[in-house]
Amino acid sequence: MTVFITGVAGFVGTNLAAALLERGERVVGFDNFCRGSEANLAGLRTNPDFMFERVELTDIAAYRSALARAHEADPITEIWHMAANSDIPAGIADPHVDLGDTFMTTFNTLLLMREFGVGTIAFASSSAIYGDLGERPLVENIGPLFPISNYGAMKLASEAAISAAVESDLERALLFRFPNVIGVPATHGVILDFVRKLQATPGCLDVLGDGTQQKSYLHVEELVDAMLHIRDHDNARLSCYNIGAADDGVTVRFIAETVRDRVSPQAEIRYGEGNRGWVGDVPKFVYSIDKLLALGWRPKLGSAAAVRRAVDQVVEQETTQ
Ligand SMILES: NC(=O)c1ccc[n+]([C@@H]2O[C@H](COP(=O)([O-])OP(=O)(O)OC[C@H]3O[C@@H](n4cnc5c(N)ncnc54)[C@H](O)[C@@H]3O)[C@@H](O)[C@H]2O)c1
């Protein structure tokens, strides 16, 4: 069975590819390295069942010919669409970023699935599709959905396009709504940001917002494990799952202090104002994973333990580079 992964050189893509190879599946992956890197692929490149091509997925002609080559060599049975813009503020500053990397990559993937007759898609969606629903627990069937970032809007539009494609031609679609995912190889995110800031200026750490923003954090190894569990145990033609820790999460203050204690214990932490890190940031959300629990999967780490583990890993990544 050959699985195709978009965004394979990114944070989640590399971990997913490693897990699928470990299960004995063949993996073909594309990435344009806008955020992922060749270095992230080092561990995968040594496996003869892994193939990679550098491809710009918004360029449908380039995408089509690369996929045709891969599909001819070894028919692709399933597509895991992980490529997207992962810089939410960049997408607020310029809406074209998410139109291209978050939506058009999905749109083009669906077009090519139809052309090549690939029936199954697994999609990396996001808690950002829910917008800011305050204290209301985010369950999969809550609505109406009004995202507050272009990133969230283009993820929701991608889910909608996938749903329509299931009606017309796909056999199966799995929509995974991730919370904040942490671990290595870190390409973006609050932990990497704090580690880099403290390495550059060890005396102080400037934090966006007042540090009270509270979210649930999931380690990437658990995320991959949960996605594969859903793939193995859910039989619906179209299904969607929140994946996250089984708690209410931790604050940005907790993360800042954990990174400070690990990297530069004497540093002063300077908080900004307001409870939003940036426009489009959702300050607090309560993420329900009841549907996933009912399917028999449970995270081993809580948000705090996942953060501590990821901080150690990201510090190691940044000091050995
Ligand atoms: N990491 C998280 O906390 C998180 C949370 C919610 C959703 N997600 C989603 O999970 C998926 C993976 O995220 P990640 O954290 O690994 O991000 P990432 O940036 O590390 O990986 C995305 C990869 O896609 C590639 N890519 C982007 N646009 C492309 C294009 N036009 N053509 C080819 N390649 C392109 C990038 O180079 C990168 O390697 C994304 O869809 C993201 O939106 C991630």
# chains A, B, ... in the order shown; residues from 1 in each chain; ligands from 1
$ residues_near_ligand --ligand "ligand 1" --cutoff "8 Å" --atoms "only C-alpha atoms and all ligand atoms" --output "VMD selection string"
chain A and resid 6 to 14 30 to 37 54 to 59 81 to 87 100 to 102 104 to 105 123 to 128 151 155 177 to 182 185 to 189
$ select_by_dssp --residues "segment 148-232 of chain A" --states "strand (DSSP E)" --output "list of chain:residue names"
A:Arg172, A:Ala173, A:Leu174, A:Leu175, A:Phe176, A:Arg177, A:Phe178, A:Asn180, A:Val181, A:Ile182, A:Cys204, A:Leu205, A:Asp206, A:Val207, A:Gln214, A:Lys215, A:Tyr217, A:Leu218, A:His219
$ closest_residue --among "A:Glu257, A:Glu221, A:Asp210, A:Asp290" --to "Gly272 of chain A" --atoms "only C-alpha atoms"
A:Asp210
$ select_by_dssp --residues "segment 113-276 of chain A" --states "alpha helix (DSSP H)" --output "PyMOL selection string"
chain A and resi 113-116+150-168+190-200+220-233+252-263
$ decode --residues "segment 119-165 of chain A" --atoms "C-alpha atoms" --output "compact mmCIF listing (two decimals), in the first residue's frame"
# COMPACT_ATOMS: atom_id res chain seq x y z
CA GLY A 119 -10.29 7.32 -3.26
CA THR A 120 -9.18 8.22 0.26
CA ILE A 121 -8.06 11.51 1.80
CA ALA A 122 -6.97 12.25 5.35
CA PHE A 123 -6.85 15.96 6.03
CA ALA A 124 -5.05 18.04 8.66
CA SER A 125 -7.74 20.47 9.72
CA SER A 126 -7.55 22.66 12.78
CA SER A 127 -9.30 23.89 15.91
CA ALA A 128 -9.05 27.31 14.15
CA ILE A 129 -12.17 26.43 12.11
CA TYR A 130 -14.29 26.91 15.26
CA GLY A 131 -13.43 30.60 15.69
CA ASP A 132 -13.86 32.08 19.14
CA LEU A 133 -16.75 30.29 20.86
CA GLY A 134 -15.64 31.35 24.35
CA GLU A 135 -16.41 28.87 27.11
CA ARG A 136 -18.59 26.61 24.92
CA PRO A 137 -16.95 23.18 24.62
CA LEU A 138 -15.82 22.65 21.05
CA VAL A 139 -17.56 19.49 19.89
CA GLU A 140 -17.38 18.32 16.29
CA ASN A 141 -21.02 19.17 15.49
CA ILE A 142 -21.14 22.66 17.05
CA GLY A 143 -22.12 25.55 14.78
CA PRO A 144 -22.45 27.87 13.03
CA LEU A 145 -18.71 28.08 12.45
CA PHE A 146 -17.23 31.56 12.07
CA PRO A 147 -13.41 31.35 12.00
CA ILE A 148 -11.51 34.50 13.02
CA SER A 149 -8.33 33.97 10.97
CA ASN A 150 -7.81 33.52 7.24
CA TYR A 151 -6.02 30.31 8.12
CA GLY A 152 -9.13 29.02 9.95
CA ALA A 153 -11.35 30.22 7.10
CA MET A 154 -9.29 28.37 4.48
CA LYS A 155 -9.20 25.20 6.61
CA LEU A 156 -13.00 25.32 6.93
CA ALA A 157 -13.30 25.94 3.17
CA SER A 158 -11.02 22.92 2.63
CA GLU A 159 -13.27 20.74 4.80
CA ALA A 160 -16.26 21.94 2.75
CA ALA A 161 -14.51 21.13 -0.55
CA ILE A 162 -13.58 17.67 0.73
CA SER A 163 -17.17 17.04 1.84
CA ALA A 164 -18.44 17.92 -1.64
CA ALA A 165 -15.80 15.68 -3.24
